Amino acid sequence: MALAWALGPLAAAALGTLLLALLLGWLRDLVVTVTRFRATCQRLNRFPRPPWRGWLLGHTGLGKSTEEGLQQVDELVARYRHGCLWWILPWMPILRLFHPDTLRPVLLASAFIAPKDQIFYGFLKPWLGDGLLLSRGQKWARHRHLLTPAFRWDILKSYVGIFNQSTHIMHAKWRAAARAAGGPAALEVLEQLSLLTLDTLQKCIFSHESHCQEQPSEYIKAILELSTLVVRRYHRPFHHPAWLYRLSADGRRFAQACVTVHSFTAAVVQRRRQALDRLGHQAWMESHQGRSMDFIDLLLLTKDEDGNTLSDEDISAEADTFMFEGHDTTASGLAWLLYNLACHPEYQERCRQEVRELLKGRDVEEIEWEDLSHLPFTTMCIKESLRLHPPVSAVSRCCTEDITLRDGRVIPKGVICLMSIYGTHHNPDIWPDPQVYNPLRFSPENSQGRSPLAFIPFSAGPRRGHGGRNCIGQSFAMAELKVVAALTVARFTIRLDAGRPTRRKPELILRTEDGLWLLLEPLPEPLPEVA
């Protein structure tokens, strides 16, 4: 102001006018923001609000990623059935939805209207780039269209042999552990199954033999570390700002692991691109005769209607995304399936007899593509396990416009929707006795009339532009689940480890606090039939 007076009364008046205009503009924006927030709150008041800690703290600290936290979700679902309002901070409401009727308008909205919430998914951006999981708008729609052919049944058929091969390697380790123990081997199966799924993915995506089930791999170590660091950052609010995270020890480890993963992926893509450019399309295709093409091959060849291809950066991002989404979720699904079969020996034995009947008379004990549709009871057991213990417990969306529910209530624009897969799968309105493991829920007669949105274990995957939003890799995951489950029950008796009780822990995937330990006992080889 002293400077303004020094310049004269006109300058002082001009500066005063400017400051007044800025203040009035700020006040106007504040009034608009407060008015919109009050209107949002009035709409949200139509949703029930569980007991909280007051207007300032809301529900902060009341939701935990623990066994007790999941039990709390069961209580919320039993009481509120369709959904409830949850306040993280005085200015941050979240709608927790756990019924097909409330999920449907959000799940069936286009990816442009209900994109994924960026608060958590943004932590994955430096790792996964603009792959299907994180991309939005036109880029997401184009990539989804270009990637869909990579998951056709004839492509998936060629991967079944890889699933068998990786399962044989894991089972050889289990037999060796049982011999060393002189009886059943006590194993933490989630770690074992994570290495199996990473092994299959490296073979299916890169045609790379990492031998990661048998020896350390820097690439695999980096992927496992990235998954751990993302979860840890989410639970440490002071690490949320990117600039603070980069300065931390965890941030530096995260950056180094990203370099390791990106270097591996980029090197594979560049080698393939150079070979394609050097040989030309026809000669390159002829060089692949007699062997199946992997994920990178398929992405290099894919083109849109205008003949445009994916860039090397795009292909790398999709490969990194597939590795991330495909290993943990499938491993979690397999681990909990073995746990549930250990809890229910009668279902385990029925699966075993089904598989043995299928394999009877074969020289080689392998599951073939055509076998996958001839395992009805095993498939029911897999689905019921995915219902009771979904690998991903919830996914979030942040709507870009108002969404009206069937009962007339409105989800206001900008509000985060936490779509509880776990809550929906445990909703007694849909699933009587939801805590009971009962594979017969998925028999054809019991499945009639059930909403397709009552069972959404793969809904954590990338979105569809129209209709449902099943993960694009759902068929890949189900095929791997069937192969590994069938061969495991045919070769091993699975029992609970009574000395290690299981306490669930939802993170990126559904884990347990101290590992998921089971007793695995090799079964005698079936005697060959006498001609």
# chains A, B, ... in the order shown; residues from 1 in each chain; ligands from 1
$ select_by_dssp --residues "region 171-324 of chain A" --states "strand (DSSP E or B)" --output "MDAnalysis selection string"
chainID A and resid 185:188 303 309
$ residues_around --residues "region 336-348 of chain A" --least-positions-apart "4" --cutoff "8 Å" --atoms "only C-alpha atoms" --output "mmCIF file with N, CA, C and O atoms, in the first residue's frame"
data_model
loop_
_atom_site.group_PDB
_atom_site.id
_atom_site.type_symbol
_atom_site.label_atom_id
_atom_site.label_comp_id
_atom_site.auth_asym_id
_atom_site.auth_seq_id
_atom_site.Cartn_x
_atom_site.Cartn_y
_atom_site.Cartn_z
ATOM 1 N N SER A 332 -4.982 -64.918 -4.980
ATOM 2 C CA SER A 332 -5.884 -64.824 -3.834
ATOM 3 C C SER A 332 -7.091 -65.738 -4.025
ATOM 4 O O SER A 332 -7.490 -66.460 -3.100
ATOM 5 N N ARG A 352 -12.471 -83.946 -6.303
ATOM 6 C CA ARG A 352 -11.420 -84.915 -6.648
ATOM 7 C C ARG A 352 -11.979 -86.026 -7.541
ATOM 8 O O ARG A 352 -11.357 -86.397 -8.550
ATOM 9 N N CYS A 381 -17.670 -74.763 -6.928
ATOM 10 C CA CYS A 381 -16.832 -74.518 -5.741
ATOM 11 C C CYS A 381 -15.978 -73.267 -5.919
ATOM 12 O O CYS A 381 -15.794 -72.492 -4.971
ATOM 13 N N ILE A 382 -15.451 -73.068 -7.120
ATOM 14 C CA ILE A 382 -14.654 -71.872 -7.403
ATOM 15 C C ILE A 382 -15.514 -70.621 -7.241
ATOM 16 O O ILE A 382 -15.123 -69.649 -6.567
ATOM 17 N N SER A 385 -16.380 -69.855 -3.636
ATOM 18 C CA SER A 385 -15.227 -69.319 -2.925
ATOM 19 C C SER A 385 -15.003 -67.854 -3.293
ATOM 20 O O SER A 385 -14.686 -67.026 -2.430
ATOM 21 N N LEU A 386 -15.178 -67.502 -4.568
ATOM 22 C CA LEU A 386 -15.046 -66.108 -5.001
ATOM 23 C C LEU A 386 -16.153 -65.242 -4.402
ATOM 24 O O LEU A 386 -15.966 -64.043 -4.195
ATOM 25 N N HIS A 389 -15.091 -65.188 -0.405
ATOM 26 C CA HIS A 389 -13.802 -64.506 -0.222
ATOM 27 C C HIS A 389 -13.382 -63.829 -1.530
ATOM 28 O O HIS A 389 -12.445 -64.272 -2.188
ATOM 29 N N TYR A 437 -20.364 -71.597 3.369
ATOM 30 C CA TYR A 437 -19.802 -72.000 2.076
ATOM 31 C C TYR A 437 -20.671 -73.116 1.501
ATOM 32 O O TYR A 437 -20.681 -74.235 1.991
ATOM 33 N N ALA A 485 -6.844 -75.640 -9.750
ATOM 34 C CA ALA A 485 -7.687 -76.287 -8.744
ATOM 35 C C ALA A 485 -7.856 -77.768 -9.053
ATOM 36 O O ALA A 485 -7.721 -78.626 -8.164
ATOM 37 N N VAL A 489 -6.451 -80.765 -6.452
ATOM 38 C CA VAL A 489 -7.281 -81.718 -5.695
ATOM 39 C C VAL A 489 -7.033 -83.147 -6.160
ATOM 40 O O VAL A 489 -7.220 -84.099 -5.398
ATOM 41 N N ILE A 494 -5.915 -81.650 1.067
ATOM 42 C CA ILE A 494 -5.714 -80.301 1.614
ATOM 43 C C ILE A 494 -6.421 -80.230 2.966
ATOM 44 O O ILE A 494 -7.625 -80.526 3.066
ATOM 45 N N ARG A 495 -5.681 -79.855 3.990
ATOM 46 C CA ARG A 495 -6.263 -79.740 5.332
ATOM 47 C C ARG A 495 -5.887 -78.395 5.945
ATOM 48 O O ARG A 495 -4.898 -77.772 5.548
ATOM 49 N N LEU A 496 -6.684 -77.992 6.942
ATOM 50 C CA LEU A 496 -6.361 -76.775 7.683
ATOM 51 C C LEU A 496 -5.165 -77.018 8.593
ATOM 52 O O LEU A 496 -4.970 -78.136 9.077
ATOM 53 N N LEU A 516 -1.633 -67.494 4.757
ATOM 54 C CA LEU A 516 -2.693 -68.497 4.672
ATOM 55 C C LEU A 516 -2.023 -69.872 4.624
ATOM 56 O O LEU A 516 -1.552 -70.304 3.575
ATOM 57 N N LEU A 518 -1.747 -73.948 5.008
ATOM 58 C CA LEU A 518 -2.502 -75.192 4.837
ATOM 59 C C LEU A 518 -1.536 -76.376 4.897
ATOM 60 O O LEU A 518 -0.329 -76.223 4.687
#
$ residues_around --residues "region 145-151 of chain A" --least-positions-apart "4" --cutoff "8 Å" --atoms "only C-alpha atoms" --output "PyMOL selection string"
chain A and resi 141+155-156+295+298-299+302-304+472-473+475-476
$ write_last_selection --atoms "N, CA, C and O atoms" --output "compact mmCIF listing (two decimals), in the first residue's frame"
# COMPACT_ATOMS: atom_id res chain seq x y z
N ALA A 141 -11.49 -46.21 -24.18
CA ALA A 141 -12.40 -46.88 -25.11
C ALA A 141 -11.63 -47.50 -26.28
O ALA A 141 -11.90 -48.63 -26.69
N ILE A 155 -7.32 -67.77 -28.46
CA ILE A 155 -6.05 -67.32 -27.87
C ILE A 155 -5.88 -67.94 -26.48
O ILE A 155 -4.81 -68.47 -26.15
N LEU A 156 -6.94 -67.91 -25.68
CA LEU A 156 -6.87 -68.48 -24.33
C LEU A 156 -6.58 -69.97 -24.38
O LEU A 156 -5.89 -70.51 -23.50
N PHE A 295 1.03 -62.24 -25.52
CA PHE A 295 0.29 -60.99 -25.40
C PHE A 295 0.99 -59.86 -26.14
O PHE A 295 0.34 -59.05 -26.82
N LEU A 298 0.44 -60.12 -29.90
CA LEU A 298 -0.92 -59.74 -30.29
C LEU A 298 -1.10 -58.23 -30.28
O LEU A 298 -1.75 -57.67 -31.17
N LEU A 299 -0.51 -57.56 -29.29
CA LEU A 299 -0.65 -56.11 -29.21
C LEU A 299 0.15 -55.41 -30.31
O LEU A 299 -0.26 -54.35 -30.81
N THR A 302 -2.17 -55.64 -33.45
CA THR A 302 -3.53 -55.11 -33.44
C THR A 302 -3.59 -53.72 -34.08
O THR A 302 -2.67 -52.91 -33.95
N LYS A 303 -4.69 -53.48 -34.78
CA LYS A 303 -4.91 -52.19 -35.46
C LYS A 303 -6.38 -51.81 -35.31
O LYS A 303 -7.25 -52.67 -35.21
N ASP A 304 -6.63 -50.48 -35.29
CA ASP A 304 -8.02 -50.03 -35.26
C ASP A 304 -8.54 -49.91 -36.69
O ASP A 304 -7.85 -50.28 -37.67
N ILE A 472 -11.61 -57.56 -18.34
CA ILE A 472 -11.33 -58.08 -19.67
C ILE A 472 -10.60 -59.42 -19.59
O ILE A 472 -10.69 -60.25 -20.47
N GLY A 473 -9.88 -59.65 -18.49
CA GLY A 473 -9.14 -60.90 -18.31
C GLY A 473 -9.91 -61.96 -17.54
O GLY A 473 -9.30 -62.93 -17.09
N SER A 475 -11.99 -64.38 -18.39
CA SER A 475 -11.92 -65.74 -18.94
C SER A 475 -10.54 -66.35 -18.71
O SER A 475 -10.41 -67.55 -18.45
N PHE A 476 -9.50 -65.52 -18.82
CA PHE A 476 -8.14 -65.98 -18.55
C PHE A 476 -8.04 -66.45 -17.11
O PHE A 476 -7.52 -67.54 -16.82
$ residues_around --residues "Ala39 (chain A)" --least-positions-apart "6" --cutoff "12 Å" --atoms "only C-alpha atoms" --output "PyMOL selection string"
chain A and resi 32-33+45-46+410-413
$ residues_around --residues "Arg272 (chain A)" --least-positions-apart "5" --cutoff "9 Å" --atoms "only C-alpha atoms" --output "ChimeraX atom specification"
/A:267,277,296-297,300
$ atom_distance --atom1 "CA of Arg450 (chain A)" --atom2 "CA of Val395 (chain A)"
21.7 Å
$ residues_around --residues "Thr265 (chain A)" --least-positions-apart "3" --cutoff "9 Å" --atoms "only C-alpha atoms" --output "compact mmCIF listing (two decimals) with N, CA, C and O atoms, in the first residue's frame"
# COMPACT_ATOMS: atom_id res chain seq x y z
N PHE A 206 5.10 -62.47 -22.18
CA PHE A 206 6.41 -62.21 -22.77
C PHE A 206 7.08 -63.43 -23.40
O PHE A 206 8.16 -63.30 -23.96
N THR A 260 13.07 -50.98 -12.70
CA THR A 260 13.34 -52.40 -12.97
C THR A 260 12.24 -53.00 -13.85
O THR A 260 12.51 -53.66 -14.85
N VAL A 261 10.97 -52.75 -13.47
CA VAL A 261 9.85 -53.31 -14.21
C VAL A 261 9.76 -52.71 -15.61
O VAL A 261 9.61 -53.42 -16.61
N HIS A 262 9.87 -51.39 -15.69
CA HIS A 262 9.73 -50.72 -16.99
C HIS A 262 10.87 -51.11 -17.94
O HIS A 262 10.65 -51.26 -19.14
N VAL A 268 11.64 -56.00 -23.95
CA VAL A 268 10.93 -57.03 -24.70
C VAL A 268 10.16 -56.41 -25.87
O VAL A 268 10.23 -56.89 -27.01
N VAL A 269 9.44 -55.33 -25.60
CA VAL A 269 8.63 -54.69 -26.64
C VAL A 269 9.53 -54.18 -27.77
O VAL A 269 9.23 -54.36 -28.96
N GLN A 270 10.65 -53.55 -27.42
CA GLN A 270 11.53 -53.01 -28.45
C GLN A 270 12.14 -54.10 -29.30
O GLN A 270 12.25 -53.95 -30.53
N ILE A 315 1.84 -50.35 -25.39
CA ILE A 315 1.96 -51.81 -25.21
C ILE A 315 2.61 -52.13 -23.87
O ILE A 315 2.18 -53.02 -23.15
N SER A 316 3.66 -51.38 -23.52
CA SER A 316 4.33 -51.60 -22.24
C SER A 316 3.37 -51.36 -21.08
O SER A 316 3.36 -52.13 -20.10
N ALA A 317 2.56 -50.30 -21.17
CA ALA A 317 1.61 -49.99 -20.09
C ALA A 317 0.58 -51.10 -19.94
O ALA A 317 0.22 -51.48 -18.82
N ALA A 319 0.96 -54.28 -20.82
CA ALA A 319 1.63 -55.47 -20.30
C ALA A 319 1.85 -55.35 -18.79
O ALA A 319 1.61 -56.30 -18.03
N ASP A 320 2.30 -54.17 -18.34
CA ASP A 320 2.51 -53.95 -16.91
C ASP A 320 1.18 -54.06 -16.15
O ASP A 320 1.13 -54.61 -15.04
$ closest_atom_pairs --of "region 37-83 of chain A" --to "region 499-514 of chain A" --cutoff "6 Å" --atoms "only C-alpha atoms" --output "CSV"
residue,atom,partner,partner_atom,distance
A:Ser65,CA,A:Pro506,CA,5.4
A:Thr66,CA,A:Lys505,CA,4.8
A:Glu67,CA,A:Arg504,CA,4.9
$ write_last_selection --atoms "N, CA, C and O atoms" --output "short mmCIF file (atom, residue, chain, number, x, y, z; two decimals), in the first residue's frame"
data_model
loop_
_atom_site.label_atom_id
_atom_site.label_comp_id
_atom_site.auth_asym_id
_atom_site.auth_seq_id
_atom_site.Cartn_x
_atom_site.Cartn_y
_atom_site.Cartn_z
N SER A 65 -8.96 -52.18 7.84
CA SER A 65 -8.62 -53.29 6.94
C SER A 65 -8.17 -54.49 7.76
O SER A 65 -7.00 -54.91 7.72
N THR A 66 -9.09 -55.02 8.54
CA THR A 66 -8.80 -56.13 9.44
C THR A 66 -9.95 -57.11 9.43
O THR A 66 -10.99 -56.87 8.79
N GLU A 67 -9.80 -58.22 10.16
CA GLU A 67 -10.90 -59.17 10.34
C GLU A 67 -12.12 -58.47 10.94
O GLU A 67 -13.25 -58.66 10.48
#
$ closest_residue --among "A:Pro126, A:Gly423, A:His374, A:Asp433" --to "Arg79 (chain A)" --atoms "only C-alpha atoms"
A:Gly423
$ residues_around --residues "Gly122 (chain A)" --least-positions-apart "4" --cutoff "12 Å" --atoms "only C-alpha atoms" --output "list of chain:residue names"
A:Lys116, A:Asp117, A:Gln118, A:Pro126, A:Trp127, A:Leu128, A:Gly129, A:Asp130, A:Leu133, A:Leu134, A:Ser135, A:Val230, A:Arg233, A:Tyr234, A:His240, A:Pro241, A:Ala242
$ write_last_selection --atoms "all heavy atoms" --output "compact mmCIF listing (two decimals), in the first residue's frame"
# COMPACT_ATOMS: atom_id res chain seq x y z
N LYS A 116 -13.13 -44.34 -12.57
CA LYS A 116 -12.58 -44.74 -11.29
C LYS A 116 -12.09 -43.53 -10.52
O LYS A 116 -11.54 -42.59 -11.08
CB LYS A 116 -11.42 -45.73 -11.50
CG LYS A 116 -11.92 -47.07 -12.00
CD LYS A 116 -10.85 -48.13 -11.96
CE LYS A 116 -11.47 -49.48 -12.30
NZ LYS A 116 -10.49 -50.56 -12.34
N ASP A 117 -12.33 -43.59 -9.21
CA ASP A 117 -11.85 -42.53 -8.33
C ASP A 117 -10.31 -42.50 -8.36
O ASP A 117 -9.67 -43.54 -8.30
CB ASP A 117 -12.35 -42.82 -6.92
CG ASP A 117 -11.64 -41.99 -5.88
OD1 ASP A 117 -11.55 -40.78 -6.09
OD2 ASP A 117 -11.17 -42.57 -4.89
N GLN A 118 -9.76 -41.31 -8.43
CA GLN A 118 -8.32 -41.18 -8.64
C GLN A 118 -7.49 -41.10 -7.36
O GLN A 118 -6.27 -41.11 -7.42
CB GLN A 118 -8.04 -39.93 -9.50
CG GLN A 118 -8.59 -40.03 -10.91
CD GLN A 118 -8.01 -41.21 -11.67
OE1 GLN A 118 -6.79 -41.34 -11.81
NE2 GLN A 118 -8.88 -42.09 -12.17
N PRO A 126 2.53 -44.05 -11.70
CA PRO A 126 3.94 -44.14 -12.11
C PRO A 126 4.35 -45.55 -12.50
O PRO A 126 5.31 -45.71 -13.28
CB PRO A 126 4.70 -43.68 -10.85
CG PRO A 126 3.72 -42.90 -10.06
CD PRO A 126 2.39 -43.54 -10.32
N TRP A 127 3.67 -46.54 -12.00
CA TRP A 127 3.97 -47.94 -12.33
C TRP A 127 3.26 -48.38 -13.60
O TRP A 127 3.90 -48.90 -14.52
CB TRP A 127 3.56 -48.79 -11.13
CG TRP A 127 3.66 -50.29 -11.30
CD1 TRP A 127 4.25 -50.98 -12.33
CD2 TRP A 127 3.12 -51.28 -10.42
NE1 TRP A 127 4.12 -52.34 -12.14
CE2 TRP A 127 3.44 -52.55 -10.97
CE3 TRP A 127 2.43 -51.21 -9.22
CZ2 TRP A 127 3.05 -53.73 -10.34
CZ3 TRP A 127 2.05 -52.39 -8.59
CH2 TRP A 127 2.37 -53.64 -9.16
N LEU A 128 1.94 -48.16 -13.66
CA LEU A 128 1.13 -48.76 -14.73
C LEU A 128 0.86 -47.82 -15.90
O LEU A 128 0.36 -48.28 -16.93
CB LEU A 128 -0.20 -49.25 -14.15
CG LEU A 128 -0.10 -50.24 -12.98
CD1 LEU A 128 -1.49 -50.64 -12.53
CD2 LEU A 128 0.71 -51.45 -13.38
N GLY A 129 1.17 -46.53 -15.76
CA GLY A 129 0.96 -45.62 -16.87
C GLY A 129 -0.49 -45.54 -17.27
O GLY A 129 -1.41 -45.64 -16.45
N ASP A 130 -0.72 -45.38 -18.58
CA ASP A 130 -2.08 -45.23 -19.10
C ASP A 130 -2.62 -46.55 -19.65
O ASP A 130 -3.19 -46.60 -20.74
CB ASP A 130 -2.12 -44.17 -20.20
CG ASP A 130 -2.42 -42.79 -19.64
OD1 ASP A 130 -3.00 -42.73 -18.53
OD2 ASP A 130 -2.09 -41.79 -20.29
N LEU A 133 -6.44 -50.05 -16.77
CA LEU A 133 -6.90 -49.82 -15.42
C LEU A 133 -7.03 -48.34 -15.10
O LEU A 133 -7.95 -47.92 -14.40
CB LEU A 133 -5.95 -50.48 -14.42
CG LEU A 133 -6.31 -50.32 -12.93
CD1 LEU A 133 -7.61 -51.06 -12.63
CD2 LEU A 133 -5.18 -50.84 -12.05
N LEU A 134 -6.12 -47.51 -15.62
CA LEU A 134 -6.04 -46.11 -15.21
C LEU A 134 -6.43 -45.11 -16.29
O LEU A 134 -6.67 -43.94 -15.98
CB LEU A 134 -4.61 -45.79 -14.74
CG LEU A 134 -4.08 -46.64 -13.58
CD1 LEU A 134 -2.67 -46.21 -13.20
CD2 LEU A 134 -5.00 -46.55 -12.37
N SER A 135 -6.48 -45.52 -17.55
CA SER A 135 -6.82 -44.58 -18.61
C SER A 135 -8.30 -44.22 -18.56
O SER A 135 -9.11 -44.93 -17.95
CB SER A 135 -6.45 -45.15 -19.98
OG SER A 135 -7.13 -46.37 -20.21
N VAL A 230 2.54 -49.74 -2.57
CA VAL A 230 1.30 -49.03 -2.87
C VAL A 230 0.34 -49.12 -1.69
O VAL A 230 -0.27 -48.11 -1.29
CB VAL A 230 0.64 -49.60 -4.15
CG1 VAL A 230 -0.80 -49.11 -4.28
CG2 VAL A 230 1.43 -49.19 -5.38
N ARG A 233 1.63 -46.95 1.21
CA ARG A 233 1.42 -45.51 0.98
C ARG A 233 -0.03 -45.12 1.25
O ARG A 233 -0.30 -44.05 1.82
CB ARG A 233 1.80 -45.17 -0.47
CG ARG A 233 1.68 -43.69 -0.79
CD ARG A 233 2.03 -43.38 -2.23
NE ARG A 233 1.94 -41.96 -2.51
CZ ARG A 233 2.04 -41.43 -3.72
NH1 ARG A 233 2.26 -42.21 -4.77
NH2 ARG A 233 1.93 -40.12 -3.89
N TYR A 234 -0.95 -45.97 0.87
CA TYR A 234 -2.37 -45.68 1.08
C TYR A 234 -2.67 -45.51 2.56
O TYR A 234 -3.48 -44.65 2.95
CB TYR A 234 -3.21 -46.82 0.50
CG TYR A 234 -4.70 -46.67 0.73
CD1 TYR A 234 -5.43 -45.71 0.04
CD2 TYR A 234 -5.36 -47.50 1.63
CE1 TYR A 234 -6.79 -45.57 0.26
CE2 TYR A 234 -6.72 -47.36 1.85
CZ TYR A 234 -7.43 -46.39 1.16
OH TYR A 234 -8.78 -46.26 1.39
N HIS A 240 0.80 -39.32 0.90
CA HIS A 240 -0.08 -39.13 -0.26
C HIS A 240 0.41 -38.06 -1.23
O HIS A 240 0.39 -38.28 -2.44
CB HIS A 240 -1.51 -38.82 0.22
CG HIS A 240 -2.22 -40.03 0.79
ND1 HIS A 240 -3.57 -40.05 1.03
CD2 HIS A 240 -1.75 -41.25 1.15
CE1 HIS A 240 -3.90 -41.23 1.53
NE2 HIS A 240 -2.83 -41.98 1.61
N PRO A 241 0.85 -36.90 -0.76
CA PRO A 241 1.39 -35.90 -1.71
C PRO A 241 2.61 -36.47 -2.45
O PRO A 241 3.55 -36.97 -1.82
CB PRO A 241 1.77 -34.71 -0.82
CG PRO A 241 0.96 -34.88 0.43
CD PRO A 241 0.84 -36.35 0.63
N ALA A 242 2.60 -36.36 -3.76
CA ALA A 242 3.65 -36.97 -4.58
C ALA A 242 5.03 -36.43 -4.22
O ALA A 242 6.01 -37.19 -4.17
CB ALA A 242 3.35 -36.75 -6.06
$ closest_residue --among "A:His99, A:Arg362, A:Arg278, A:His208" --to "Ser420 (chain A)" --atoms "only C-alpha atoms"
A:His99
$ closest_residue --among "A:His211, A:His327, A:Pro390, A:Cys417" --to "Trp86 (chain A)" --atoms "only C-alpha atoms"
A:Cys417
$ atom_distance --atom1 "CA of Glu525 (chain A)" --atom2 "CA of Arg356 (chain A)"
11.1 Å
$ select_by_dssp --residues "region 249-453 of chain A" --states "alpha helix (DSSP H)" --output "PyMOL selection string"
chain A and resi 249-279+281-287+295-301+312-343+345-359+376-388+421-425+444-447
$ closest_residue --among "A:His425, A:Lys203, A:Arg253, A:Arg96" --to "Ser158 (chain A)" --atoms "only C-alpha atoms"
A:Lys203
$ atom_distance --atom1 "CA of Gln42 (chain A)" --atom2 "CA of Leu103 (chain A)"
21.0 Å
$ closest_residue --among "A:Leu388, A:Ala176, A:Ile456, A:Ala283" --to "Leu520 (chain A)" --atoms "only C-alpha atoms"
A:Ala176
$ closest_residue --among "A:Ile223, A:Cys258, A:Ile88, A:Leu198" --to "Phe163 (chain A)" --atoms "only C-alpha atoms"
A:Leu198
$ decode --residues "region 401-416 of chain A" --atoms "N, CA and C atoms" --output "PDB file, in the first residue's frame"
ATOM      1  N   GLU A 401     -21.533 -36.912 -13.185  1.00  0.00           N
ATOM      2  CA  GLU A 401     -22.850 -36.285 -13.239  1.00  0.00           C
ATOM      3  C   GLU A 401     -23.785 -37.019 -12.275  1.00  0.00           C
ATOM      4  N   ASP A 402     -24.914 -36.400 -11.962  1.00  0.00           N
ATOM      5  CA  ASP A 402     -25.871 -37.030 -11.051  1.00  0.00           C
ATOM      6  C   ASP A 402     -26.345 -38.369 -11.615  1.00  0.00           C
ATOM      7  N   ILE A 403     -26.514 -39.350 -10.731  1.00  0.00           N
ATOM      8  CA  ILE A 403     -27.051 -40.648 -11.125  1.00  0.00           C
ATOM      9  C   ILE A 403     -28.266 -40.946 -10.257  1.00  0.00           C
ATOM     10  N   THR A 404     -29.391 -41.219 -10.890  1.00  0.00           N
ATOM     11  CA  THR A 404     -30.647 -41.464 -10.187  1.00  0.00           C
ATOM     12  C   THR A 404     -30.848 -42.954  -9.976  1.00  0.00           C
ATOM     13  N   LEU A 405     -31.169 -43.329  -8.743  1.00  0.00           N
ATOM     14  CA  LEU A 405     -31.442 -44.723  -8.411  1.00  0.00           C
ATOM     15  C   LEU A 405     -32.913 -45.055  -8.683  1.00  0.00           C
ATOM     16  N   ARG A 406     -33.222 -46.339  -8.660  1.00  0.00           N
ATOM     17  CA  ARG A 406     -34.574 -46.799  -8.973  1.00  0.00           C
ATOM     18  C   ARG A 406     -35.610 -46.213  -8.014  1.00  0.00           C
ATOM     19  N   ASP A 407     -35.227 -46.019  -6.741  1.00  0.00           N
ATOM     20  CA  ASP A 407     -36.187 -45.518  -5.749  1.00  0.00           C
ATOM     21  C   ASP A 407     -36.287 -43.996  -5.725  1.00  0.00           C
ATOM     22  N   GLY A 408     -35.607 -43.323  -6.660  1.00  0.00           N
ATOM     23  CA  GLY A 408     -35.703 -41.872  -6.761  1.00  0.00           C
ATOM     24  C   GLY A 408     -34.580 -41.128  -6.075  1.00  0.00           C
ATOM     25  N   ARG A 409     -33.821 -41.784  -5.212  1.00  0.00           N
ATOM     26  CA  ARG A 409     -32.677 -41.120  -4.595  1.00  0.00           C
ATOM     27  C   ARG A 409     -31.614 -40.825  -5.646  1.00  0.00           C
ATOM     28  N   VAL A 410     -30.818 -39.792  -5.382  1.00  0.00           N
ATOM     29  CA  VAL A 410     -29.824 -39.342  -6.368  1.00  0.00           C
ATOM     30  C   VAL A 410     -28.427 -39.425  -5.756  1.00  0.00           C
ATOM     31  N   ILE A 411     -27.520 -40.020  -6.520  1.00  0.00           N
ATOM     32  CA  ILE A 411     -26.100 -39.971  -6.168  1.00  0.00           C
ATOM     33  C   ILE A 411     -25.555 -38.692  -6.797  1.00  0.00           C
ATOM     34  N   PRO A 412     -25.202 -37.684  -5.980  1.00  0.00           N
ATOM     35  CA  PRO A 412     -24.800 -36.395  -6.560  1.00  0.00           C
ATOM     36  C   PRO A 412     -23.463 -36.475  -7.302  1.00  0.00           C
ATOM     37  N   LYS A 413     -23.356 -35.641  -8.284  1.00  0.00           N
ATOM     38  CA  LYS A 413     -22.110 -35.504  -9.039  1.00  0.00           C
ATOM     39  C   LYS A 413     -20.948 -35.219  -8.097  1.00  0.00           C
ATOM     40  N   GLY A 414     -19.812 -35.903  -8.335  1.00  0.00           N
ATOM     41  CA  GLY A 414     -18.609 -35.657  -7.561  1.00  0.00           C
ATOM     42  C   GLY A 414     -18.474 -36.488  -6.306  1.00  0.00           C
ATOM     43  N   VAL A 415     -19.528 -37.210  -5.911  1.00  0.00           N
ATOM     44  CA  VAL A 415     -19.453 -38.044  -4.709  1.00  0.00           C
ATOM     45  C   VAL A 415     -18.809 -39.381  -5.062  1.00  0.00           C
ATOM     46  N   ILE A 416     -17.918 -39.845  -4.199  1.00  0.00           N
ATOM     47  CA  ILE A 416     -17.256 -41.130  -4.409  1.00  0.00           C
ATOM     48  C   ILE A 416     -18.199 -42.260  -4.009  1.00  0.00           C
TER      49      ILE A 416
END
